[in-house]
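Source file upload17.csv; content: CSV, C-alpha atoms.
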```csv
chain,number,residue,atom,x,y,z
A,1,MET,CA,-38.8,-79.4,65.8
A,2,ARG,CA,-38.5,-83.1,65.7
A,3,GLN,CA,-35.1,-84.8,65.1
A,4,GLU,CA,-36.3,-86.5,61.9
A,5,GLU,CA,-37.6,-83.4,60.4
A,6,ALA,CA,-34.5,-81.4,61.3
A,7,LEU,CA,-32.2,-84.1,59.9
A,8,LYS,CA,-34.1,-84.1,56.7
A,9,ILE,CA,-33.7,-80.4,56.3
A,10,VAL,CA,-30.0,-80.4,57.0
A,11,LYS,CA,-29.2,-83.4,54.9
A,12,LYS,CA,-30.0,-81.4,51.8
A,13,GLN,CA,-27.3,-78.8,52.8
A,14,LEU,CA,-24.5,-81.2,53.3
A,15,THR,CA,-22.2,-83.7,51.6
A,16,ASP,CA,-22.6,-87.3,52.8
A,17,HIS,CA,-19.4,-87.1,54.7
A,18,ARG,CA,-20.4,-83.9,56.5
A,19,TYR,CA,-23.9,-85.4,57.2
A,20,GLN,CA,-22.2,-88.4,58.9
A,21,HIS,CA,-20.1,-85.9,60.9
A,22,THR,CA,-23.3,-84.1,61.9
A,23,LEU,CA,-24.9,-87.3,63.2
A,24,GLY,CA,-21.7,-87.8,65.3
A,25,VAL,CA,-21.9,-84.3,66.7
A,26,MET,CA,-25.6,-84.8,67.5
A,27,ASP,CA,-25.1,-88.0,69.4
A,28,THR,CA,-22.0,-86.6,71.2
A,29,ALA,CA,-23.8,-83.3,72.0
A,30,VAL,CA,-26.8,-85.2,73.5
A,31,GLU,CA,-24.4,-87.2,75.6
A,32,LEU,CA,-22.5,-84.2,76.8
A,33,ALA,CA,-25.7,-82.3,77.6
A,34,GLU,CA,-26.9,-85.2,79.7
A,35,ARG,CA,-23.6,-85.4,81.5
A,36,PHE,CA,-23.2,-81.7,82.2
A,37,GLY,CA,-26.8,-80.7,82.7
A,38,ALA,CA,-27.4,-78.7,79.5
A,39,ASP,CA,-30.8,-78.7,77.7
A,40,VAL,CA,-30.7,-81.9,75.8
A,41,GLU,CA,-33.3,-81.0,73.1
A,42,LYS,CA,-31.5,-77.6,72.4
A,43,ALA,CA,-28.2,-79.4,72.2
A,44,ARG,CA,-29.7,-81.9,69.7
A,45,LEU,CA,-31.1,-79.1,67.4
A,46,ALA,CA,-27.9,-76.9,67.7
A,47,ALA,CA,-25.8,-80.0,66.8
A,48,ILE,CA,-28.0,-80.9,63.8
A,49,PHE,CA,-27.8,-77.4,62.4
A,50,HIS,CA,-24.3,-76.4,63.4
A,51,ASP,CA,-22.8,-76.9,59.9
A,52,TYR,CA,-25.9,-75.8,58.0
A,53,ALA,CA,-24.0,-73.1,56.0
A,54,LYS,CA,-20.8,-75.2,55.6
A,55,PHE,CA,-21.2,-75.5,51.8
A,56,ARG,CA,-22.6,-72.1,50.9
A,57,PRO,CA,-20.4,-70.4,48.3
A,58,LYS,CA,-17.7,-68.1,49.9
A,59,GLU,CA,-19.1,-65.1,48.1
A,60,GLU,CA,-22.6,-65.6,49.5
A,61,MET,CA,-21.1,-66.0,53.0
A,62,LYS,CA,-19.0,-62.9,52.6
A,63,SER,CA,-22.0,-60.8,51.4
A,64,LEU,CA,-24.1,-62.0,54.3
A,65,ILE,CA,-21.3,-61.2,56.8
A,66,LEU,CA,-21.1,-57.7,55.5
A,67,GLU,CA,-24.8,-57.0,54.9
A,68,GLN,CA,-26.1,-58.6,58.2
A,69,ASN,CA,-23.2,-57.3,60.3
A,70,LEU,CA,-22.1,-60.8,61.4
A,71,GLY,CA,-18.6,-59.7,62.3
A,72,GLU,CA,-16.6,-58.0,59.5
A,73,ASP,CA,-13.3,-58.9,61.1
A,74,LEU,CA,-13.9,-62.5,60.3
A,75,LEU,CA,-13.2,-61.7,56.7
A,76,HIS,CA,-9.5,-61.1,57.6
A,77,TYR,CA,-9.3,-64.7,58.9
A,78,GLY,CA,-9.7,-68.1,57.4
A,79,SER,CA,-13.0,-68.7,55.5
A,80,GLU,CA,-13.5,-71.9,57.6
A,81,LEU,CA,-14.8,-69.6,60.3
A,82,TRP,CA,-17.5,-68.0,58.2
A,83,HIS,CA,-20.0,-70.8,58.1
A,84,ALA,CA,-20.7,-70.5,61.9
A,85,PRO,CA,-22.2,-67.0,62.1
A,86,VAL,CA,-23.7,-67.3,58.6
A,87,GLY,CA,-25.2,-70.6,59.7
A,88,ALA,CA,-26.8,-69.1,62.8
A,89,TYR,CA,-28.3,-66.4,60.5
A,90,LEU,CA,-29.6,-68.8,57.9
A,91,VAL,CA,-31.0,-71.3,60.3
A,92,LYS,CA,-33.1,-68.6,61.7
A,93,LYS,CA,-34.1,-67.1,58.4
A,94,GLU,CA,-34.6,-70.3,56.3
A,95,VAL,CA,-35.4,-72.9,58.9
A,96,GLY,CA,-37.3,-70.7,61.3
A,97,ILE,CA,-35.4,-71.6,64.5
A,98,ASP,CA,-35.4,-68.5,66.7
A,99,ASP,CA,-34.2,-69.9,70.0
A,100,GLU,CA,-31.3,-67.5,70.7
A,101,GLU,CA,-29.4,-70.1,72.8
A,102,ILE,CA,-29.4,-72.5,69.9
A,103,LEU,CA,-28.4,-69.8,67.4
A,104,GLU,CA,-25.6,-68.6,69.6
A,105,ALA,CA,-24.2,-72.2,70.0
A,106,ILE,CA,-24.2,-72.4,66.2
A,107,ARG,CA,-22.6,-69.0,65.9
A,108,THR,CA,-19.7,-69.7,68.2
A,109,HIS,CA,-19.1,-73.4,67.4
A,110,THR,CA,-15.8,-72.8,65.5
A,111,SER,CA,-14.2,-69.8,67.2
A,112,GLY,CA,-15.5,-69.9,70.7
A,113,ARG,CA,-15.9,-66.6,72.6
A,114,ILE,CA,-15.6,-65.2,76.1
A,115,ASP,CA,-18.4,-66.3,78.5
A,116,MET,CA,-19.6,-69.2,76.5
A,117,SER,CA,-22.9,-70.8,77.8
A,118,LEU,CA,-23.1,-74.4,78.8
A,119,LEU,CA,-24.9,-75.2,75.5
A,120,GLU,CA,-22.2,-73.4,73.5
A,121,LYS,CA,-19.5,-75.4,75.2
A,122,VAL,CA,-21.3,-78.6,74.5
A,123,ILE,CA,-21.6,-77.9,70.8
A,124,PHE,CA,-18.1,-76.6,70.5
A,125,LEU,CA,-16.7,-79.7,72.2
A,126,ALA,CA,-19.1,-82.2,70.4
A,127,ASP,CA,-17.9,-80.8,67.1
A,128,TYR,CA,-14.3,-81.5,68.2
A,129,ILE,CA,-14.6,-85.0,69.7
A,130,GLU,CA,-17.4,-86.7,67.8
A,131,PRO,CA,-16.4,-90.3,66.9
A,132,GLY,CA,-15.5,-89.4,63.3
A,133,ARG,CA,-12.7,-87.1,64.3
A,134,HIS,CA,-9.2,-88.6,64.2
A,135,PHE,CA,-6.6,-85.8,64.6
A,136,PRO,CA,-3.7,-85.9,67.1
A,137,GLY,CA,-4.7,-85.1,70.7
A,138,VAL,CA,-8.4,-85.8,70.2
A,139,GLU,CA,-8.4,-89.0,72.4
A,140,GLU,CA,-7.0,-87.0,75.3
A,141,VAL,CA,-9.8,-84.4,74.9
A,142,ARG,CA,-12.4,-87.2,74.8
A,143,GLU,CA,-11.0,-88.6,78.1
A,144,THR,CA,-11.1,-85.1,79.7
A,145,ALA,CA,-14.7,-84.7,78.4
A,146,GLU,CA,-15.7,-87.6,80.6
A,147,GLN,CA,-15.2,-85.4,83.6
A,148,ASP,CA,-14.6,-81.7,82.9
A,149,LEU,CA,-16.3,-79.7,80.2
A,150,ASP,CA,-14.3,-76.5,80.6
A,151,GLU,CA,-10.9,-78.3,80.7
A,152,ALA,CA,-11.9,-80.3,77.6
A,153,VAL,CA,-12.9,-77.1,75.7
A,154,LYS,CA,-9.6,-75.5,76.7
A,155,GLN,CA,-7.6,-78.5,75.5
A,156,ALA,CA,-9.5,-78.5,72.2
A,157,ILE,CA,-8.6,-74.8,71.8
A,158,MET,CA,-5.0,-75.3,72.7
A,159,ASN,CA,-4.8,-78.1,70.1
A,160,THR,CA,-6.4,-75.9,67.5
A,161,ILE,CA,-4.1,-72.9,68.1
A,162,THR,CA,-1.1,-75.2,68.0
A,163,PHE,CA,-2.4,-76.8,64.8
A,164,LEU,CA,-3.0,-73.5,63.1
A,165,MET,CA,0.4,-72.1,64.1
A,166,ARG,CA,2.2,-75.1,62.8
A,167,ARG,CA,0.5,-74.6,59.4
A,168,ASN,CA,1.3,-70.9,59.4
A,169,GLN,CA,-2.3,-70.0,59.5
A,170,LEU,CA,-4.0,-67.0,61.2
A,171,VAL,CA,-5.5,-67.6,64.7
A,172,TYR,CA,-8.8,-65.8,65.2
A,173,PRO,CA,-8.4,-63.7,68.4
A,174,ASP,CA,-11.7,-64.9,69.9
A,175,THR,CA,-10.2,-68.3,70.1
A,176,LEU,CA,-7.4,-67.1,72.2
A,177,HIS,CA,-9.8,-65.0,74.3
A,178,THR,CA,-11.8,-68.2,75.0
A,179,TYR,CA,-8.6,-70.0,76.2
A,180,ASN,CA,-7.7,-67.0,78.4
A,181,ASP,CA,-11.3,-66.8,79.7
A,182,ILE,CA,-11.3,-70.5,80.8
A,183,VAL,CA,-7.8,-70.2,82.3
A,184,SER,CA,-9.0,-67.2,84.3
A,185,GLN,CA,-12.0,-68.9,85.5
A,186,GLN,CA,-9.9,-71.9,86.6
A,187,GLY,CA,-7.9,-69.5,88.7
A,188,GLY,CA,-4.8,-69.5,86.5
A,189,LYS,CA,-2.9,-66.4,85.5
B,190,MET,CA,25.3,-42.4,75.8
B,191,ARG,CA,28.4,-44.6,75.8
B,192,GLN,CA,28.2,-48.3,76.3
B,193,GLU,CA,30.3,-48.2,79.5
B,194,GLU,CA,28.2,-45.5,81.1
B,195,ALA,CA,24.9,-47.3,80.2
B,196,LEU,CA,26.1,-50.6,81.5
B,197,LYS,CA,27.2,-49.0,84.8
B,198,ILE,CA,23.7,-47.5,85.2
B,199,VAL,CA,21.9,-50.7,84.4
B,200,LYS,CA,24.1,-53.0,86.5
B,201,LYS,CA,22.8,-51.4,89.7
B,202,GLN,CA,19.2,-52.3,88.7
B,203,LEU,CA,19.9,-56.0,88.0
B,204,THR,CA,21.0,-59.3,89.7
B,205,ASP,CA,24.3,-60.7,88.4
B,206,HIS,CA,22.4,-63.3,86.5
B,207,ARG,CA,20.2,-60.8,84.8
B,208,TYR,CA,23.2,-58.5,84.1
B,209,GLN,CA,24.9,-61.4,82.3
B,210,HIS,CA,21.7,-61.9,80.3
B,211,THR,CA,21.7,-58.2,79.4
B,212,LEU,CA,25.3,-58.5,78.1
B,213,GLY,CA,24.1,-61.4,76.0
B,214,VAL,CA,21.1,-59.5,74.6
B,215,MET,CA,23.4,-56.5,73.9
B,216,ASP,CA,25.9,-58.6,71.8
B,217,THR,CA,23.1,-60.4,70.0
B,218,ALA,CA,21.1,-57.2,69.3
B,219,VAL,CA,24.2,-55.5,67.8
B,220,GLU,CA,24.8,-58.6,65.7
B,221,LEU,CA,21.2,-58.7,64.5
B,222,ALA,CA,21.1,-55.0,63.8
B,223,GLU,CA,24.2,-55.3,61.6
B,224,ARG,CA,22.7,-58.3,59.8
B,225,PHE,CA,19.3,-56.8,59.1
B,226,GLY,CA,20.2,-53.1,58.8
B,227,ALA,CA,18.8,-51.7,62.0
B,228,ASP,CA,20.5,-48.8,63.8
B,229,VAL,CA,23.4,-50.5,65.7
B,230,GLU,CA,23.8,-47.8,68.4
B,231,LYS,CA,20.1,-47.7,69.1
B,232,ALA,CA,20.0,-51.5,69.3
B,233,ARG,CA,22.9,-51.4,71.7
B,234,LEU,CA,21.2,-49.0,74.1
B,235,ALA,CA,17.8,-50.6,73.8
B,236,ALA,CA,19.3,-53.9,74.7
B,237,ILE,CA,21.3,-52.6,77.6
B,238,PHE,CA,18.2,-51.0,79.1
B,239,HIS,CA,15.5,-53.6,78.1
B,240,ASP,CA,15.2,-55.2,81.5
B,241,TYR,CA,15.9,-51.9,83.5
B,242,ALA,CA,12.6,-52.3,85.5
B,243,LYS,CA,12.8,-56.1,85.9
B,244,PHE,CA,13.3,-56.0,89.6
B,245,ARG,CA,11.1,-53.2,90.6
B,246,PRO,CA,8.5,-54.3,93.2
B,247,LYS,CA,5.2,-55.4,91.7
B,248,GLU,CA,3.3,-52.8,93.6
B,249,GLU,CA,5.5,-50.0,92.1
B,250,MET,CA,5.0,-51.4,88.6
B,251,LYS,CA,1.3,-51.7,89.1
B,252,SER,CA,1.0,-48.1,90.3
B,253,LEU,CA,3.0,-46.8,87.4
B,254,ILE,CA,0.9,-48.7,84.9
B,255,LEU,CA,-2.2,-47.1,86.4
B,256,GLU,CA,-0.9,-43.6,86.9
B,257,GLN,CA,1.0,-43.3,83.7
B,258,ASN,CA,-1.5,-45.1,81.5
B,259,LEU,CA,1.0,-47.7,80.4
B,260,GLY,CA,-1.8,-50.2,79.5
B,261,GLU,CA,-4.2,-51.1,82.3
B,262,ASP,CA,-5.1,-54.4,80.6
B,263,LEU,CA,-1.6,-55.7,81.4
B,264,LEU,CA,-2.7,-56.0,85.0
B,265,HIS,CA,-5.0,-58.8,84.0
B,266,TYR,CA,-2.1,-60.8,82.6
B,267,GLY,CA,1.1,-62.2,84.0
B,268,SER,CA,3.3,-59.7,85.9
B,269,GLU,CA,6.3,-60.8,83.8
B,270,LEU,CA,4.9,-58.5,81.2
B,271,TRP,CA,4.9,-55.4,83.3
B,272,HIS,CA,8.6,-54.6,83.4
B,273,ALA,CA,8.6,-53.8,79.7
B,274,PRO,CA,6.3,-50.7,79.5
B,275,VAL,CA,7.4,-49.7,83.0
B,276,GLY,CA,11.0,-50.0,81.9
B,277,ALA,CA,10.4,-47.7,78.9
B,278,TYR,CA,8.8,-45.2,81.2
B,279,LEU,CA,11.6,-45.3,83.8
B,280,VAL,CA,14.5,-45.3,81.3
B,281,LYS,CA,13.1,-42.0,80.0
B,282,LYS,CA,12.4,-40.5,83.4
B,283,GLU,CA,15.4,-41.8,85.4
B,284,VAL,CA,18.1,-42.3,82.7
B,285,GLY,CA,17.0,-39.5,80.4
B,286,ILE,CA,16.9,-41.5,77.2
B,287,ASP,CA,14.2,-39.9,75.1
B,288,ASP,CA,14.7,-41.6,71.7
B,289,GLU,CA,11.2,-42.9,71.0
B,290,GLU,CA,12.5,-45.8,68.9
B,291,ILE,CA,14.6,-47.1,71.7
B,292,LEU,CA,11.8,-46.6,74.3
B,293,GLU,CA,9.3,-48.4,72.0
B,294,ALA,CA,11.7,-51.4,71.6
B,295,ILE,CA,12.0,-51.6,75.4
B,296,ARG,CA,8.2,-51.3,75.7
B,297,THR,CA,7.4,-54.1,73.4
B,298,HIS,CA,10.2,-56.5,74.0
B,299,THR,CA,8.1,-59.0,76.0
B,300,SER,CA,4.7,-58.9,74.3
B,301,GLY,CA,5.4,-57.8,70.8
B,302,ARG,CA,2.8,-55.8,68.9
B,303,ILE,CA,1.3,-55.2,65.5
B,304,ASP,CA,3.6,-53.3,63.1
B,305,MET,CA,6.8,-53.8,65.1
B,306,SER,CA,9.7,-51.7,63.8
B,307,LEU,CA,13.0,-53.3,62.7
B,308,LEU,CA,14.6,-52.2,66.0
B,309,GLU,CA,11.7,-53.7,68.0
B,310,LYS,CA,12.1,-57.0,66.3
B,311,VAL,CA,15.8,-57.0,66.8
B,312,ILE,CA,15.4,-56.4,70.6
B,313,PHE,CA,12.5,-58.9,70.9
B,314,LEU,CA,14.5,-61.6,69.1
B,315,ALA,CA,17.9,-60.9,70.9
B,316,ASP,CA,16.1,-61.3,74.2
B,317,TYR,CA,14.9,-64.7,73.1
B,318,ILE,CA,18.0,-66.1,71.5
B,319,GLU,CA,21.0,-64.6,73.4
B,320,PRO,CA,23.5,-67.3,74.2
B,321,GLY,CA,22.4,-67.6,77.9
B,322,ARG,CA,18.9,-68.9,76.8
B,323,HIS,CA,18.5,-72.7,76.8
B,324,PHE,CA,14.8,-73.5,76.4
B,325,PRO,CA,13.4,-76.0,73.9
B,326,GLY,CA,13.3,-74.7,70.4
B,327,VAL,CA,15.7,-71.9,70.9
B,328,GLU,CA,18.4,-73.4,68.7
B,329,GLU,CA,16.0,-73.6,65.7
B,330,VAL,CA,15.1,-69.9,66.2
B,331,ARG,CA,18.8,-69.0,66.3
B,332,GLU,CA,19.3,-70.8,63.0
B,333,THR,CA,16.3,-69.0,61.4
B,334,ALA,CA,17.7,-65.7,62.8
B,335,GLU,CA,20.8,-66.2,60.5
B,336,GLN,CA,18.5,-65.4,57.5
B,337,ASP,CA,15.0,-64.2,58.3
B,338,LEU,CA,14.2,-61.8,61.1
B,339,ASP,CA,10.4,-62.0,60.7
B,340,GLU,CA,10.3,-65.7,60.6
B,341,ALA,CA,12.5,-65.9,63.7
B,342,VAL,CA,10.3,-63.5,65.6
B,343,LYS,CA,7.3,-65.6,64.6
B,344,GLN,CA,8.9,-68.8,65.7
B,345,ALA,CA,9.8,-67.3,69.0
B,346,ILE,CA,6.2,-66.2,69.5
B,347,MET,CA,4.9,-69.6,68.6
B,348,ASN,CA,7.2,-71.2,71.1
B,349,THR,CA,6.1,-68.7,73.7
B,350,ILE,CA,2.4,-69.2,73.1
B,351,THR,CA,2.8,-73.0,73.2
B,352,PHE,CA,4.9,-72.7,76.4
B,353,LEU,CA,2.4,-70.6,78.2
B,354,MET,CA,-0.6,-72.8,77.1
B,355,ARG,CA,1.2,-75.9,78.4
B,356,ARG,CA,1.7,-74.2,81.7
B,357,ASN,CA,-1.9,-73.1,81.8
B,358,GLN,CA,-1.0,-69.5,81.8
B,359,LEU,CA,-2.7,-66.6,80.1
B,360,VAL,CA,-1.5,-65.4,76.7
B,361,TYR,CA,-1.4,-61.7,76.2
B,362,PRO,CA,-3.5,-60.9,73.1
B,363,ASP,CA,-0.8,-58.6,71.6
B,364,THR,CA,1.4,-61.6,71.4
B,365,LEU,CA,-1.1,-63.4,69.2
B,366,HIS,CA,-1.7,-60.2,67.2
B,367,THR,CA,2.1,-60.1,66.5
B,368,TYR,CA,2.0,-63.7,65.2
B,369,ASN,CA,-1.1,-62.9,63.0
B,370,ASP,CA,0.5,-59.7,61.8
B,371,ILE,CA,3.7,-61.5,60.6
B,372,VAL,CA,1.7,-64.4,59.0
B,373,SER,CA,-0.4,-61.8,57.1
B,374,GLN,CA,2.7,-60.0,55.9
B,375,GLN,CA,4.2,-63.3,54.8
B,376,GLY,CA,1.1,-63.8,52.7
B,377,GLY,CA,-0.4,-66.5,54.9
B,378,LYS,CA,-4.1,-66.7,55.9
```
Write the structure described by the file as C-alpha cells, please.
Amino acid sequence: MRQEEALKIVKKQLTDHRYQHTLGVMDTAVELAERFGADVEKARLAAIFHDYAKFRPKEEMKSLILEQNLGEDLLHYGSELWHAPVGAYLVKKEVGIDDEEILEAIRTHTSGRIDMSLLEKVIFLADYIEPGRHFPGVEEVRETAEQDLDEAVKQAIMNTITFLMRRNQLVYPDTLHTYNDIVSQQGGK
Amino acid sequence: MRQEEALKIVKKQLTDHRYQHTLGVMDTAVELAERFGADVEKARLAAIFHDYAKFRPKEEMKSLILEQNLGEDLLHYGSELWHAPVGAYLVKKEVGIDDEEILEAIRTHTSGRIDMSLLEKVIFLADYIEPGRHFPGVEEVRETAEQDLDEAVKQAIMNTITFLMRRNQLVYPDTLHTYNDIVSQQGGK
C-alpha cells in the first residue's frame, strides 16, 4: 500500500493532533529503520497505522479483546494499552494488511514484549521520540537513538515505568519484562 | 523461642554489620507490628531470622533452590534475592521454627509478592527503614510508615525498582506485581 493511500485511510480514524503525531512517528520510524537496518516500507506502514484504533470507544475495544482473545489480562490495566492489540486486529480486518511483522509491531507498540523484533523496536521507539513528544527525558532517549536502538528502547521503558509509578498507575508486566529482556541481552543481571 | 536465644543463634550466621542491621529490623518490626496490629512476637522472630541465610555460599543457595523447589526462576535474577526463600527453608530445618506466617515473612522480605499478609508487610518495611539504612528516599518512607503501612511498602518498592533500573539491574517481576497489587487495592488503575 502506498503512503498516500495509507495516510488517507488513517486520517479518518484520528484527531488532527493524533494525525500530526502519526506523521512524526512515520518520519522517525523511516529514519530509525534506515539507521538500524529494518525494512523501511514495513516501518512506514506500521507507523502510519500504529494508532489506528486509538479513538475507538472503550466498550468496543473491550469486546474485541474478549471476543478475539487479544489478551484478557490487558483489561486489568490502563485502557491506554488497549488500542495497540485492537489496532493490529482492526488494521488486518478493515484495512486488509496481513503482514504479520507489521501487525506485531502495531500490537506491541505501547507495552513492548520479550524478544521484540527489529521492526517492533523501531515502532516502539519512534512513537516515543517523534518530534512532537516533549516529556522529561525524551531528549536523552533521542540522543541514545542516534547510536543504540536497544539502549534507547530500554531508556524509554525506564522513563515510562518511572512516570507511571509517580502517578500511582499500574505498570503492565510485559513492559517490565521488556526491560529485563534487554538488560539480560546486554549482559546485565 | 525467646529473643535472647534467637539472637544467639542468628549472631553466628551473620557479620557484625549485618547483626546490627538485624537488631534494627527487630526493633522496627516490633514497633510497626504494635502500630498496625500485627502479632508482635511473630514480627520479632521473623525479623531476627530474616537474613539467616544471607552469608550462605551462592552455590549452596542455588542447590537448595533447585532441590527444594524454592522458585527456580529466582536463579535468573540477582543473587541478592536468594537468601530470602533459602532462609525460610533453613530457619525451619535448622532452627526448628515451623510457624508458616513467620516463614512466609522471611521468604518474601526481599521481593514482596501479591497478597502479602500484615506480618509480611511489617518485615518487608522494617528491613527497608530500620535506623541503619541511609539510602535516598528512606526518610520519606519512614514518615509514611508512621501512618500508612501499604503506602510505605509501595514507596519502598518504587524506590527499589528505580534504584535497580538506574543501575541497569534486573527487576524481579514479583516486586512489580506487589506494586501493582497495592495500587489496585488503593483503587488506582
*asked:* Which residues are near Thr160 (chain A)? Cut-off 10 Å, only C-alpha atoms, ignore same chain within fewer than 6 positions. Put them as a ChimeraX atom specification.
replied: /A:111,128,137,154,166,171,175
With a distance threshold of 8 Å and counting all atoms listed in the file, extract the residues of chain B near chain A and express them as an mmCIF file with C-alpha atoms, in the frame of the given file.
```cif
data_model
loop_
_atom_site.group_PDB
_atom_site.id
_atom_site.type_symbol
_atom_site.label_atom_id
_atom_site.label_comp_id
_atom_site.auth_asym_id
_atom_site.auth_seq_id
_atom_site.Cartn_x
_atom_site.Cartn_y
_atom_site.Cartn_z
ATOM 1 C CA TYR B 266 -2.100 -60.800 82.600
ATOM 2 C CA GLY B 267 1.100 -62.200 84.000
ATOM 3 C CA MET B 347 4.900 -69.600 68.600
ATOM 4 C CA THR B 351 2.800 -73.000 73.200
ATOM 5 C CA MET B 354 -0.600 -72.800 77.100
ATOM 6 C CA ASN B 357 -1.900 -73.100 81.800
ATOM 7 C CA GLN B 358 -1.000 -69.500 81.800
ATOM 8 C CA LEU B 359 -2.700 -66.600 80.100
ATOM 9 C CA VAL B 360 -1.500 -65.400 76.700
ATOM 10 C CA PRO B 362 -3.500 -60.900 73.100
ATOM 11 C CA LEU B 365 -1.100 -63.400 69.200
ATOM 12 C CA HIS B 366 -1.700 -60.200 67.200
ATOM 13 C CA TYR B 368 2.000 -63.700 65.200
ATOM 14 C CA ASN B 369 -1.100 -62.900 63.000
ATOM 15 C CA VAL B 372 1.700 -64.400 59.000
ATOM 16 C CA SER B 373 -0.400 -61.800 57.100
ATOM 17 C CA GLY B 377 -0.400 -66.500 54.900
ATOM 18 C CA LYS B 378 -4.100 -66.700 55.900
#
```
*Within 12 Å of Glu146 (chain A) using all atoms listed in the file, minus same-chain residues under 4 positions, as a PyMOL selection string*: chain A and resi 28+31-36+125+129+139-142+150-153
*CA of Thr211 (chain B) to CA of Pro246 (chain B): how many Å, to one decimal?*
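Between CA of Thr211 (chain B) and CA of Pro246 (chain B) the gap works out to 19.5 Å.
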*Fewer than 3 positions away in the same chain doesn't count, so skip those; otherwise give me all residues within 12 Å of Glu283 (chain B), counting only C-alpha atoms, as JSON, numbers by chain.*
{"B": [198, 199, 202, 238, 241, 242, 275, 276, 277, 278, 279, 280, 286, 287]}
*Select, counting all atoms listed in the file, all protein, DNA and RNA residues no farther than 10 Å from (-18.1, -75.2, 67.5) in file coordinates, and express the selection as a list in words.*
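The requested residues, written out, are Val25, Ala46, Ala47, His50, Asp51, Leu81, Ala84, Ala105, Ile106, Arg107, Thr108, His109, Thr110, Ser111, Gly112, Glu120, Lys121, Val122, Ile123, Phe124, Leu125, Ala126, Asp127, Tyr128 and Val153 of chain A.
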_Counting only C-alpha atoms, which residues have an atom no more than 12 Å from (6.1, -48.6, 92.3) in the file's coordinates? Please list them as a PyMOL selection string._
chain B and resi 242-257+271-272+275-276+278-279
